[in-house]
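Chemist: For reference, this is my_file.cif, and it has mmCIF, C-alpha atoms.
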```cif
data_structure
#
loop_
_atom_site.label_atom_id
_atom_site.label_comp_id
_atom_site.auth_asym_id
_atom_site.auth_seq_id
_atom_site.Cartn_x
_atom_site.Cartn_y
_atom_site.Cartn_z
CA MET J 1 107.69 109.00 113.13
CA LYS J 2 104.61 110.28 111.34
CA ARG J 3 103.55 108.40 108.23
CA ASP J 4 102.13 110.42 105.38
CA LYS J 5 98.44 110.02 105.98
CA ARG J 6 97.54 111.68 102.69
CA THR J 7 98.36 108.38 101.02
CA ILE J 8 95.87 106.35 103.05
CA THR J 9 93.26 104.74 100.82
CA ILE J 10 89.66 105.18 101.79
CA LEU J 11 87.37 102.43 100.57
CA MET J 12 83.71 103.27 100.12
CA ALA J 13 81.00 100.70 99.62
CA ASP J 14 77.83 102.19 98.17
CA ASP J 15 75.46 100.92 95.48
CA ASP J 16 74.24 104.40 94.49
CA PRO J 17 76.49 105.99 91.84
CA ASP J 18 75.21 109.48 92.69
CA ASP J 19 76.17 109.03 96.34
CA ARG J 20 79.59 107.73 95.34
CA PHE J 21 80.04 110.78 93.13
CA LEU J 22 78.91 113.18 95.87
CA VAL J 23 81.37 111.74 98.34
CA GLN J 24 84.13 112.04 95.79
CA GLU J 25 83.14 115.67 95.28
CA ALA J 26 83.08 116.25 99.02
CA PHE J 27 86.68 115.05 99.19
CA VAL J 28 87.65 117.42 96.39
CA GLU J 29 85.83 120.28 98.13
CA SER J 30 87.71 119.48 101.33
CA ARG J 31 90.97 119.52 99.37
CA LEU J 32 91.79 116.00 100.49
CA SER J 33 93.94 114.03 98.11
CA ASN J 34 93.58 110.55 99.63
CA PRO J 35 93.10 107.79 97.11
CA LEU J 36 89.43 106.79 97.06
CA ALA J 37 88.39 103.31 96.07
CA PHE J 38 84.78 102.36 95.44
CA VAL J 39 82.89 99.10 95.50
CA LYS J 40 79.18 98.81 94.84
CA ASP J 41 77.95 96.07 97.13
CA GLY J 42 78.95 93.87 100.04
CA GLN J 43 80.22 91.07 97.84
CA GLU J 44 82.58 93.38 95.96
CA LEU J 45 83.67 94.82 99.29
CA LEU J 46 84.75 91.44 100.61
CA ASP J 47 86.33 90.50 97.28
CA TYR J 48 88.35 93.73 97.42
CA LEU J 49 89.46 93.20 101.02
CA CYS J 50 90.34 89.54 100.42
CA CYS J 51 92.06 90.33 97.09
CA ARG J 52 90.06 87.79 95.13
CA ASP J 53 88.23 87.55 91.81
CA GLN J 54 88.55 90.87 89.97
CA TYR J 55 90.84 92.09 92.76
CA SER J 56 93.27 89.19 92.76
CA GLN J 57 95.93 91.01 90.75
CA PRO J 58 98.47 92.60 93.11
CA GLY J 59 98.09 96.36 93.39
CA LEU J 60 94.45 96.43 92.30
CA ALA J 61 93.12 96.63 95.83
CA PRO J 62 95.37 98.71 98.07
CA ARG J 63 94.61 98.01 101.71
CA PRO J 64 92.33 100.76 103.02
CA GLY J 65 92.96 102.64 106.26
CA LEU J 66 89.24 103.36 106.59
CA ILE J 67 86.04 101.88 105.21
CA LEU J 68 82.89 103.93 104.60
CA LEU J 69 79.99 101.51 104.49
CA ASP J 70 76.50 101.91 103.13
CA LEU J 71 73.99 99.50 104.64
CA ASN J 72 71.39 98.91 101.97
CA MET J 73 73.12 97.32 99.02
CA PRO J 74 72.15 94.46 96.70
CA ARG J 75 73.79 91.01 96.68
CA LYS J 76 75.27 91.41 100.15
CA ASP J 77 74.22 94.29 102.35
CA GLY J 78 76.39 96.34 104.65
CA ARG J 79 75.30 94.57 107.84
CA GLU J 80 76.35 91.18 106.52
CA ALA J 81 79.60 92.53 105.12
CA LEU J 82 80.37 94.23 108.44
CA GLU J 83 79.81 90.98 110.28
CA GLU J 84 82.24 89.17 107.99
CA ILE J 85 84.87 91.89 108.24
CA LYS J 86 84.75 91.95 112.04
CA ALA J 87 84.94 88.16 112.21
CA ASP J 88 88.11 88.10 110.11
CA PRO J 89 91.32 88.26 112.20
CA GLU J 90 93.15 90.31 109.57
CA LEU J 91 90.37 92.63 108.50
CA ARG J 92 88.73 93.38 111.85
CA ARG J 93 91.33 96.00 112.74
CA ILE J 94 90.34 98.29 109.87
CA PRO J 95 88.01 101.01 111.18
CA VAL J 96 84.58 100.91 109.58
CA VAL J 97 82.24 103.89 109.58
CA VAL J 98 78.66 103.39 108.42
CA LEU J 99 77.42 106.08 106.02
CA THR J 100 73.80 105.38 105.22
CA THR J 101 70.39 106.93 104.56
CA SER J 102 69.04 104.86 107.45
CA GLU J 103 68.27 106.49 110.81
CA ALA J 104 66.75 103.34 112.26
CA GLU J 105 67.66 102.70 115.88
CA GLU J 106 67.93 98.98 115.18
CA ASP J 107 70.53 99.65 112.49
CA ILE J 108 72.48 101.86 114.87
CA LEU J 109 72.38 99.24 117.64
CA CYS J 110 73.14 96.33 115.33
CA THR J 111 76.16 97.96 113.70
CA TYR J 112 77.72 99.17 116.96
CA ASP J 113 77.20 95.66 118.35
CA LEU J 114 79.11 94.34 115.34
CA GLY J 115 81.97 96.76 115.99
CA VAL J 116 81.43 99.75 113.78
CA ALA J 117 83.42 102.85 114.81
CA GLY J 118 80.80 105.39 113.88
CA PHE J 119 77.30 105.51 112.38
CA ILE J 120 76.54 108.47 110.16
CA THR J 121 73.23 109.25 108.50
CA LYS J 122 73.89 110.76 105.08
CA PRO J 123 73.25 114.51 105.25
CA VAL J 124 70.68 115.91 102.83
CA SER J 125 72.84 118.82 101.77
CA PHE J 126 76.19 118.79 100.01
CA ASN J 127 77.61 121.18 102.62
CA GLY J 128 76.51 118.74 105.28
CA LEU J 129 78.33 115.96 103.48
CA VAL J 130 81.49 118.06 103.23
CA GLU J 131 81.31 118.71 106.97
CA VAL J 132 80.97 114.98 107.60
CA ILE J 133 83.93 114.12 105.37
CA GLN J 134 86.06 116.80 107.02
CA SER J 135 85.28 115.61 110.54
CA VAL J 136 85.71 111.94 109.64
CA THR J 137 89.09 112.47 108.00
CA ARG J 138 90.26 114.79 110.76
CA TYR J 139 89.38 112.20 113.39
CA TRP J 140 90.80 109.16 111.60
CA PHE J 141 93.85 110.71 109.93
CA GLU J 142 94.92 113.56 112.22
CA ILE J 143 93.73 112.75 115.71
CA VAL J 144 93.91 108.98 116.13
CA GLU J 145 96.67 106.51 115.35
CA LEU J 146 95.77 103.83 112.84
CA PRO J 147 96.92 100.20 113.01
CA THR J 148 99.98 98.80 111.24
CA GLY J 149 100.74 99.99 107.78
CA TRP J 150 99.18 103.32 108.56
CA MET M 1 74.30 120.01 108.54
CA ASN M 2 73.41 119.43 112.13
CA ASN M 3 70.78 122.08 112.66
CA GLN M 4 69.51 120.74 115.92
CA LEU M 5 71.50 121.48 119.04
CA SER M 6 73.56 118.45 119.89
CA GLN M 7 72.72 116.99 123.24
CA PRO M 8 75.64 116.57 125.60
CA ILE M 9 76.78 113.01 125.93
CA THR M 10 78.00 111.19 129.02
CA ILE M 11 81.70 110.41 128.82
CA LEU M 12 83.38 108.06 131.24
CA MET M 13 87.14 108.34 131.50
CA ALA M 14 89.35 105.66 133.03
CA GLU M 15 92.65 107.26 134.07
CA ASP M 16 94.85 106.53 137.08
CA ASP M 17 96.86 109.78 136.98
CA PRO M 18 95.02 112.57 138.81
CA ASP M 19 96.94 115.27 136.91
CA ASP M 20 95.87 113.77 133.59
CA ARG M 21 92.27 113.60 134.79
CA LEU M 22 92.40 117.27 135.68
CA LEU M 23 93.97 118.21 132.34
CA VAL M 24 91.27 116.40 130.40
CA GLU M 25 88.58 118.03 132.49
CA GLU M 26 90.11 121.42 131.74
CA ALA M 27 90.48 120.58 128.06
CA PHE M 28 86.76 119.82 127.88
CA GLU M 29 86.00 123.16 129.55
CA GLU M 30 88.38 124.96 127.21
CA SER M 31 86.74 123.35 124.17
CA ARG M 32 83.37 124.64 125.33
CA LEU M 33 81.62 121.57 124.01
CA ALA M 34 79.13 120.46 126.60
CA ASN M 35 79.63 116.94 127.84
CA ASP M 36 79.07 115.23 131.15
CA LEU M 37 82.37 113.81 132.27
CA TYR M 38 82.85 111.09 134.87
CA PHE M 39 86.03 109.43 136.06
CA VAL M 40 87.22 106.09 137.33
CA LYS M 41 90.85 105.35 138.18
CA ASP M 42 91.52 101.80 137.04
CA GLY M 43 90.06 98.87 135.13
CA ILE M 44 88.33 97.36 138.16
CA GLU M 45 86.49 100.62 138.93
CA LEU M 46 85.62 100.94 135.25
CA LEU M 47 83.94 97.54 135.12
CA ASN M 48 82.23 98.09 138.46
CA TYR M 49 80.86 101.38 137.14
CA LEU M 50 79.58 99.78 133.93
CA ARG M 51 78.06 96.81 135.73
CA ARG M 52 76.55 98.97 138.47
CA GLN M 53 78.45 97.24 141.22
CA GLY M 54 79.84 98.47 144.50
CA LYS M 55 79.64 102.22 144.93
CA TYR M 56 78.29 102.68 141.40
CA ILE M 57 74.84 101.37 142.13
CA SER M 58 73.02 104.64 141.55
CA PRO M 59 72.33 105.80 137.98
CA GLU M 60 72.11 109.39 139.20
CA THR M 61 75.70 109.57 140.40
CA ALA M 62 77.01 107.06 137.88
CA PRO M 63 75.07 107.53 134.65
CA PHE M 64 75.67 104.99 131.92
CA PRO M 65 78.21 106.38 129.44
CA ASP M 66 77.77 107.05 125.73
CA LEU M 67 81.53 106.99 125.22
CA ILE M 68 84.53 105.70 127.15
CA LEU M 69 88.01 107.26 127.15
CA LEU M 70 90.45 104.62 128.25
CA ASP M 71 93.99 104.89 129.52
CA LEU M 72 96.01 101.71 129.01
CA ASN M 73 98.50 101.71 131.87
CA MET M 74 96.56 101.58 135.09
CA PRO M 75 97.08 99.58 138.30
CA ARG M 76 94.89 96.66 139.44
CA MET M 77 93.44 96.08 135.97
CA ASP M 78 94.94 97.84 132.98
CA GLY M 79 93.09 99.25 129.99
CA ARG M 80 93.97 96.36 127.70
CA GLU M 81 92.28 93.86 129.99
CA ALA M 82 89.33 96.14 130.67
CA LEU M 83 88.81 96.69 126.94
CA GLU M 84 88.77 92.94 126.35
CA GLU M 85 86.13 92.46 129.02
CA ILE M 86 83.99 95.30 127.77
CA LYS M 87 84.04 94.06 124.17
CA ALA M 88 83.31 90.50 125.29
CA ASP M 89 80.28 91.56 127.34
CA PRO M 90 77.08 91.68 125.22
CA ARG M 91 75.66 94.33 127.54
CA LEU M 92 78.66 96.62 127.18
CA LYS M 93 80.32 95.99 123.84
CA ARG M 94 78.37 98.55 121.89
CA ILE M 95 79.77 101.47 123.89
CA PRO M 96 82.46 103.11 121.73
CA VAL M 97 85.83 103.07 123.49
CA VAL M 98 88.59 105.49 122.55
CA VAL M 99 92.01 104.70 123.96
CA LEU M 100 93.84 107.79 125.28
CA THR M 101 97.31 106.82 126.42
CA THR M 102 100.95 107.81 126.64
CA SER M 103 101.81 104.60 124.80
CA GLN M 104 102.78 104.86 121.15
CA ALA M 105 103.68 101.19 120.87
CA GLU M 106 102.59 99.63 117.60
CA GLU M 107 101.49 96.49 119.40
CA ASP M 108 99.20 98.53 121.66
CA ILE M 109 97.67 100.27 118.66
CA LEU M 110 97.14 97.04 116.77
CA ARG M 111 95.83 95.11 119.74
CA SER M 112 93.40 97.87 120.74
CA TYR M 113 91.82 97.95 117.30
CA ASP M 114 91.78 94.14 117.16
CA ILE M 115 89.82 94.01 120.39
CA GLY M 116 87.42 96.67 119.15
CA ALA M 117 88.57 100.15 120.11
CA SER M 118 87.04 102.96 118.08
CA GLY M 119 90.14 105.10 118.12
CA PHE M 120 93.62 105.21 119.64
CA VAL M 121 95.00 108.56 120.68
CA SER M 122 98.52 109.21 121.92
CA LYS M 123 98.25 111.84 124.64
CA PRO M 124 99.59 115.14 123.31
CA VAL M 125 102.45 116.71 125.27
CA SER M 126 100.93 120.19 125.28
CA PHE M 127 97.67 121.39 126.75
CA GLU M 128 96.80 123.05 123.44
CA GLY M 129 97.32 119.72 121.74
CA LEU M 130 95.03 118.05 124.24
CA VAL M 131 92.33 120.68 123.66
CA GLU M 132 92.57 120.03 119.90
CA VAL M 133 92.14 116.32 120.50
CA ILE M 134 89.17 116.80 122.83
CA LYS M 135 87.52 119.19 120.34
CA ALA M 136 87.92 116.80 117.41
CA LEU M 137 86.73 113.85 119.52
CA SER M 138 83.69 115.77 120.69
CA ILE M 139 82.73 116.95 117.21
CA TYR M 140 83.03 113.44 115.78
CA TRP M 141 81.18 111.60 118.58
CA VAL M 142 78.59 114.25 119.44
CA GLN M 143 77.83 116.16 116.24
CA ILE M 144 78.73 113.89 113.37
CA VAL M 145 77.99 110.27 114.34
CA LYS M 146 74.86 108.85 115.87
CA LEU M 147 75.40 106.92 119.07
CA PRO M 148 73.39 103.91 120.17
CA THR M 149 70.86 104.51 122.91
CA GLN M 150 72.62 102.91 125.85
CA THR M 151 70.53 100.39 127.67
CA ASP M 152 71.46 100.48 131.29
CA VAL M 153 72.67 97.14 132.61
CA LEU M 154 69.98 97.28 135.27
CA GLU M 155 67.30 97.57 132.62
CA ILE M 156 68.50 94.34 131.04
CA ASN M 157 68.93 92.57 134.36
CA PRO M 158 66.56 94.07 136.91
CA SER M 159 67.38 91.26 139.33
CA LEU M 160 70.94 92.54 139.78
#
```
Reformat the file's structure so that it appears as structure tokens.

Modeler:
Amino acid sequence: MKRDKRTITILMADDDPDDRFLVQEAFVESRLSNPLAFVKDGQELLDYLCCRDQYSQPGLAPRPGLILLDLNMPRKDGREALEEIKADPELRRIPVVVLTTSEAEEDILCTYDLGVAGFITKPVSFNGLVEVIQSVTRYWFEIVELPTGW
Amino acid sequence: MNNQLSQPITILMAEDDPDDRLLVEEAFEESRLANDLYFVKDGIELLNYLRRQGKYISPETAPFPDLILLDLNMPRMDGREALEEIKADPRLKRIPVVVLTTSQAEEDILRSYDIGASGFVSKPVSFEGLVEVIKALSIYWVQIVKLPTQTDVLEINPSL
């Protein structure tokens, strides 16, 4: 019984509108039709996942099968948001992959300690980004099984 | 994207079935992606390996892994229990663990992710399928993501 993984929503948290756009383009380039949802900081991310505030209307925040998480964001950064997600009994099962400009060893260690399922430094080239998106979606949507609902 | 040559990583596989161990070894060879592969055959051996106990005292013959492939159904201590212990141990929890099992049970999938697995793979029935899995796993964990520098347990606790 294979669910249709093309319908899995990918939720990306990134404060940089150019980076959000590039990732969207990378999905188009990879001919992936998954719904992409974007939030621009850690607070919005948690609001989305908890279906509150601007996301409290049913249907506005479809549950993602994968979260792409920038680290350096205003209001609430990715590290803090990750901690909250992994402490929540309902949310912790959603795979989170960090996608950040940081290459700092302490960020790598800290996020794996918190339970991230991959740490990716944003490639400098668009082709590099496409390669990342292709490998990430292949791994999470074609190779591994995802938890309930997906 | 990744212009530098990716360094091979150390992969530790916990699998009680010797045929499955051999198949995975062959799948890695077939995929031609260099990795150093080590095996243990149940949860007890896995934890002994990671904690440098018993016959796993030497880092040369039992190098600390960058990634763990974990079968669920094993004697003595199964993968579910071993995963719980690994993710509860501050010295070990940052090692990514990918479950590789015959189980397709929803409760196993859910529970594995709840405890902190970084992937759950149902063993393919064909060898070609297994090679595809191993290739995709290797590309993701070796070429695409950055892995934490593993601090050997003995470095944290030299008195052990």

Chemist: With all atoms listed in the file considered, list every residue of chain M at most 8 Å from chain J, as JSON, numbers by chain.

Modeler: {"M": [1, 2, 90, 93, 94, 95, 96, 106, 109, 110, 113, 114, 116, 117, 118, 119, 120, 121, 122, 133, 136, 137, 139, 140, 141, 144, 145, 146, 147, 148, 149]}

Chemist: Name every residue that the PyMOL selection byres ((chain M and resi 64) around 9) selects in this structure, writing the answer as a list of chain:residue names with chains first and numbers rising.

Modeler: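 Applying the PyMOL selection byres ((chain M and resi 64) around 9) to the structure shown produces M:Thr10, M:Ile11, M:Leu12, M:Tyr49, M:Leu50, M:Arg52, M:Pro59, M:Ala62, M:Pro63, M:Pro65, M:Asp66, M:Gln150, M:Thr151, M:Asp152, M:Val153.
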
Chemist: Can those selected residues be exported to a file as a tab-separated table (two decimals), in the frame of the given file so that it contains C-alpha atoms?

Modeler:
```tsv
chain	number	residue	atom	x	y	z
M	10	THR	CA	78.00	111.19	129.02
M	11	ILE	CA	81.70	110.41	128.82
M	12	LEU	CA	83.38	108.06	131.24
M	49	TYR	CA	80.86	101.38	137.14
M	50	LEU	CA	79.58	99.78	133.93
M	52	ARG	CA	76.55	98.97	138.47
M	59	PRO	CA	72.33	105.80	137.98
M	62	ALA	CA	77.01	107.06	137.88
M	63	PRO	CA	75.07	107.53	134.65
M	65	PRO	CA	78.21	106.38	129.44
M	66	ASP	CA	77.77	107.05	125.73
M	150	GLN	CA	72.62	102.91	125.85
M	151	THR	CA	70.53	100.39	127.67
M	152	ASP	CA	71.46	100.48	131.29
M	153	VAL	CA	72.67	97.14	132.61
```

Chemist: Centre and edge lengths of an axis-aligned box around all listed atoms of stretch 71-90 of chain J, with 4 Å added on each side, are to be given in Å to one decimal, as JSON.

Modeler:
```
{"center_x": 82.3, "center_y": 93.8, "center_z": 104.4, "size_x": 29.8, "size_y": 19.4, "size_z": 23.5}
```

Chemist: Excluding stretch 47-61 of chain J and any residue of its chain fewer than 2 positions from it, enumerate the residues within 10 Å of it, using only C-alpha atoms, and give them as a VMD selection string.

Modeler: chain J and resid 9 11 37 to 39 42 to 45 63 to 64 85 90 to 91

Chemist: Translate the PyMOL selection byres ((chain M and resi 35) around 6), as applied to the file shown, into an explicit residue set as a short mmCIF file (atom, residue, chain, number, x, y, z; two decimals) with C-alpha atoms, in the frame of the given file.

Modeler:
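Produced file expr.cif, reproduced below:
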```cif
data_model
loop_
_atom_site.label_atom_id
_atom_site.label_comp_id
_atom_site.auth_asym_id
_atom_site.auth_seq_id
_atom_site.Cartn_x
_atom_site.Cartn_y
_atom_site.Cartn_z
CA PRO M 8 75.64 116.57 125.60
CA ILE M 9 76.78 113.01 125.93
CA ALA M 34 79.13 120.46 126.60
CA ASP M 36 79.07 115.23 131.15
#
```

Chemist: When you draw a straight line from atom CA of M:Asp17 to atom CA of M:Arg32, how long is it in Å?

Modeler: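 Spanning atom CA of M:Asp17 to atom CA of M:Arg32 is a straight-line distance of 23.2 Å.
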
Chemist: If we count all atoms listed in the file and set the cut-off at 8 Å, which residues sit around J:Pro35, ignoring sequence neighbours fewer than 4 positions away in its own chain? Please answer as a PDB file with C-alpha atoms, keeping the file's coordinate frame.

Modeler:
```
ATOM      1  CA  THR J   7      98.360 108.380 101.020  1.00  0.00           C
ATOM      2  CA  ILE J   8      95.870 106.350 103.050  1.00  0.00           C
ATOM      3  CA  THR J   9      93.260 104.740 100.820  1.00  0.00           C
ATOM      4  CA  ILE J  10      89.660 105.180 101.790  1.00  0.00           C
TER       5      ILE J  10
END
```

Chemist: I'd like the interatomic distance between atom CA of M:Val97 and atom CA of M:Glu45, to a tenth of an Å.

Modeler: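 Separation of atom CA of M:Val97 and atom CA of M:Glu45: 15.6 Å.
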
Chemist: Report the distance between atom CA of M:Pro124 and atom CA of M:Arg76 in Å, rounded to one decimal place.

Modeler: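 That distance, rounded to one decimal, is 25.0 Å.
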
Chemist: Apply the PyMOL selection byres ((chain M and resi 70) around 10) to the displayed file and report the matching residues as a PDB file with C-alpha atoms, keeping the file's coordinate frame.

Modeler:
```pdb
ATOM      1  CA  LEU M  12      83.380 108.060 131.240  1.00  0.00           C
ATOM      2  CA  MET M  13      87.140 108.340 131.500  1.00  0.00           C
ATOM      3  CA  ALA M  14      89.350 105.660 133.030  1.00  0.00           C
ATOM      4  CA  GLU M  15      92.650 107.260 134.070  1.00  0.00           C
ATOM      5  CA  VAL M  40      87.220 106.090 137.330  1.00  0.00           C
ATOM      6  CA  LYS M  41      90.850 105.350 138.180  1.00  0.00           C
ATOM      7  CA  ASP M  42      91.520 101.800 137.040  1.00  0.00           C
ATOM      8  CA  GLY M  43      90.060  98.870 135.130  1.00  0.00           C
ATOM      9  CA  LEU M  46      85.620 100.940 135.250  1.00  0.00           C
ATOM     10  CA  LEU M  67      81.530 106.990 125.220  1.00  0.00           C
ATOM     11  CA  ILE M  68      84.530 105.700 127.150  1.00  0.00           C
ATOM     12  CA  LEU M  69      88.010 107.260 127.150  1.00  0.00           C
ATOM     13  CA  ASP M  71      93.990 104.890 129.520  1.00  0.00           C
ATOM     14  CA  LEU M  72      96.010 101.710 129.010  1.00  0.00           C
ATOM     15  CA  ASN M  73      98.500 101.710 131.870  1.00  0.00           C
ATOM     16  CA  MET M  74      96.560 101.580 135.090  1.00  0.00           C
ATOM     17  CA  ASP M  78      94.940  97.840 132.980  1.00  0.00           C
ATOM     18  CA  GLY M  79      93.090  99.250 129.990  1.00  0.00           C
ATOM     19  CA  ARG M  80      93.970  96.360 127.700  1.00  0.00           C
ATOM     20  CA  ALA M  82      89.330  96.140 130.670  1.00  0.00           C
ATOM     21  CA  LEU M  83      88.810  96.690 126.940  1.00  0.00           C
ATOM     22  CA  VAL M  97      85.830 103.070 123.490  1.00  0.00           C
ATOM     23  CA  VAL M  98      88.590 105.490 122.550  1.00  0.00           C
ATOM     24  CA  VAL M  99      92.010 104.700 123.960  1.00  0.00           C
ATOM     25  CA  LEU M 100      93.840 107.790 125.280  1.00  0.00           C
ATOM     26  CA  THR M 101      97.310 106.820 126.420  1.00  0.00           C
ATOM     27  CA  ALA M 117      88.570 100.150 120.110  1.00  0.00           C
ATOM     28  CA  PHE M 120      93.620 105.210 119.640  1.00  0.00           C
ATOM     29  CA  VAL M 121      95.000 108.560 120.680  1.00  0.00           C
TER      30      VAL M 121
END
```

Chemist: Residues within 9 Å of (89.0, 126.0, 123.6), file coordinates, counting only C-alpha atoms: what are they? Give the list as a tab-separated table (two decimals) with C-alpha atoms, keeping the file's coordinate frame.

Modeler:
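As a result, part-v3.tsv now contains:
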```tsv
chain	number	residue	atom	x	y	z
M	27	ALA	CA	90.48	120.58	128.06
M	28	PHE	CA	86.76	119.82	127.88
M	29	GLU	CA	86.00	123.16	129.55
M	30	GLU	CA	88.38	124.96	127.21
M	31	SER	CA	86.74	123.35	124.17
M	32	ARG	CA	83.37	124.64	125.33
M	33	LEU	CA	81.62	121.57	124.01
M	128	GLU	CA	96.80	123.05	123.44
M	131	VAL	CA	92.33	120.68	123.66
M	132	GLU	CA	92.57	120.03	119.90
M	135	LYS	CA	87.52	119.19	120.34
```

Chemist: Can I get stretch 97-120 of chain M with N, CA and C atoms filled in, as a PDB file, in the coordinates of the input?

Modeler:
```pdb
ATOM      1  N   VAL M  97      84.708 102.836 122.580  1.00  0.00           N
ATOM      2  CA  VAL M  97      85.830 103.070 123.490  1.00  0.00           C
ATOM      3  C   VAL M  97      86.962 103.699 122.700  1.00  0.00           C
ATOM      4  N   VAL M  98      87.440 104.835 123.166  1.00  0.00           N
ATOM      5  CA  VAL M  98      88.590 105.490 122.550  1.00  0.00           C
ATOM      6  C   VAL M  98      89.749 105.421 123.524  1.00  0.00           C
ATOM      7  N   VAL M  99      90.833 104.795 123.101  1.00  0.00           N
ATOM      8  CA  VAL M  99      92.010 104.700 123.960  1.00  0.00           C
ATOM      9  C   VAL M  99      92.728 106.044 123.953  1.00  0.00           C
ATOM     10  N   LEU M 100      93.108 106.518 125.139  1.00  0.00           N
ATOM     11  CA  LEU M 100      93.840 107.790 125.280  1.00  0.00           C
ATOM     12  C   LEU M 100      94.997 107.513 126.214  1.00  0.00           C
ATOM     13  N   THR M 101      96.193 107.377 125.665  1.00  0.00           N
ATOM     14  CA  THR M 101      97.310 106.820 126.420  1.00  0.00           C
ATOM     15  C   THR M 101      98.624 107.483 126.062  1.00  0.00           C
ATOM     16  N   THR M 102      99.609 107.337 126.969  1.00  0.00           N
ATOM     17  CA  THR M 102     100.950 107.810 126.640  1.00  0.00           C
ATOM     18  C   THR M 102     101.649 106.831 125.693  1.00  0.00           C
ATOM     19  N   SER M 103     101.156 105.606 125.647  1.00  0.00           N
ATOM     20  CA  SER M 103     101.810 104.600 124.800  1.00  0.00           C
ATOM     21  C   SER M 103     101.702 104.968 123.331  1.00  0.00           C
ATOM     22  N   GLN M 104     102.811 104.716 122.607  1.00  0.00           N
ATOM     23  CA  GLN M 104     102.780 104.860 121.150  1.00  0.00           C
ATOM     24  C   GLN M 104     103.187 103.528 120.513  1.00  0.00           C
ATOM     25  N   ALA M 105     103.201 102.488 121.335  1.00  0.00           N
ATOM     26  CA  ALA M 105     103.680 101.190 120.870  1.00  0.00           C
ATOM     27  C   ALA M 105     102.749 100.614 119.811  1.00  0.00           C
ATOM     28  N   GLU M 106     103.355 100.197 118.701  1.00  0.00           N
ATOM     29  CA  GLU M 106     102.590  99.630 117.600  1.00  0.00           C
ATOM     30  C   GLU M 106     101.722  98.463 118.058  1.00  0.00           C
ATOM     31  N   GLU M 107     102.264  97.647 118.946  1.00  0.00           N
ATOM     32  CA  GLU M 107     101.490  96.490 119.400  1.00  0.00           C
ATOM     33  C   GLU M 107     100.267  96.913 120.195  1.00  0.00           C
ATOM     34  N   ASP M 108     100.366  98.035 120.929  1.00  0.00           N
ATOM     35  CA  ASP M 108      99.200  98.530 121.660  1.00  0.00           C
ATOM     36  C   ASP M 108      98.145  99.048 120.695  1.00  0.00           C
ATOM     37  N   ILE M 109      98.608  99.741 119.646  1.00  0.00           N
ATOM     38  CA  ILE M 109      97.670 100.270 118.660  1.00  0.00           C
ATOM     39  C   ILE M 109      96.936  99.118 117.990  1.00  0.00           C
ATOM     40  N   LEU M 110      97.702  98.179 117.490  1.00  0.00           N
ATOM     41  CA  LEU M 110      97.140  97.040 116.770  1.00  0.00           C
ATOM     42  C   LEU M 110      96.174  96.247 117.645  1.00  0.00           C
ATOM     43  N   ARG M 111      96.640  95.931 118.848  1.00  0.00           N
ATOM     44  CA  ARG M 111      95.830  95.110 119.740  1.00  0.00           C
ATOM     45  C   ARG M 111      94.529  95.825 120.125  1.00  0.00           C
ATOM     46  N   SER M 112      94.608  97.128 120.360  1.00  0.00           N
ATOM     47  CA  SER M 112      93.400  97.870 120.740  1.00  0.00           C
ATOM     48  C   SER M 112      92.355  97.813 119.642  1.00  0.00           C
ATOM     49  N   TYR M 113      92.779  98.014 118.402  1.00  0.00           N
ATOM     50  CA  TYR M 113      91.820  97.950 117.300  1.00  0.00           C
ATOM     51  C   TYR M 113      91.308  96.531 117.102  1.00  0.00           C
ATOM     52  N   ASP M 114      92.185  95.553 117.270  1.00  0.00           N
ATOM     53  CA  ASP M 114      91.780  94.140 117.160  1.00  0.00           C
ATOM     54  C   ASP M 114      90.679  93.804 118.143  1.00  0.00           C
ATOM     55  N   ILE M 115      90.822  94.314 119.367  1.00  0.00           N
ATOM     56  CA  ILE M 115      89.820  94.010 120.390  1.00  0.00           C
ATOM     57  C   ILE M 115      88.544  94.802 120.164  1.00  0.00           C
ATOM     58  N   GLY M 116      88.646  95.946 119.470  1.00  0.00           N
ATOM     59  CA  GLY M 116      87.420  96.670 119.150  1.00  0.00           C
ATOM     60  C   GLY M 116      87.381  98.132 119.555  1.00  0.00           C
ATOM     61  N   ALA M 117      88.550  98.721 119.808  1.00  0.00           N
ATOM     62  CA  ALA M 117      88.570 100.150 120.110  1.00  0.00           C
ATOM     63  C   ALA M 117      88.115 100.943 118.901  1.00  0.00           C
ATOM     64  N   SER M 118      87.514 102.102 119.158  1.00  0.00           N
ATOM     65  CA  SER M 118      87.040 102.960 118.080  1.00  0.00           C
ATOM     66  C   SER M 118      87.926 104.181 117.910  1.00  0.00           C
ATOM     67  N   GLY M 119      89.185 104.001 118.252  1.00  0.00           N
ATOM     68  CA  GLY M 119      90.140 105.100 118.120  1.00  0.00           C
ATOM     69  C   GLY M 119      91.260 104.869 119.106  1.00  0.00           C
ATOM     70  N   PHE M 120      92.452 105.326 118.752  1.00  0.00           N
ATOM     71  CA  PHE M 120      93.620 105.210 119.640  1.00  0.00           C
ATOM     72  C   PHE M 120      94.350 106.528 119.556  1.00  0.00           C
TER      73      PHE M 120
END
```
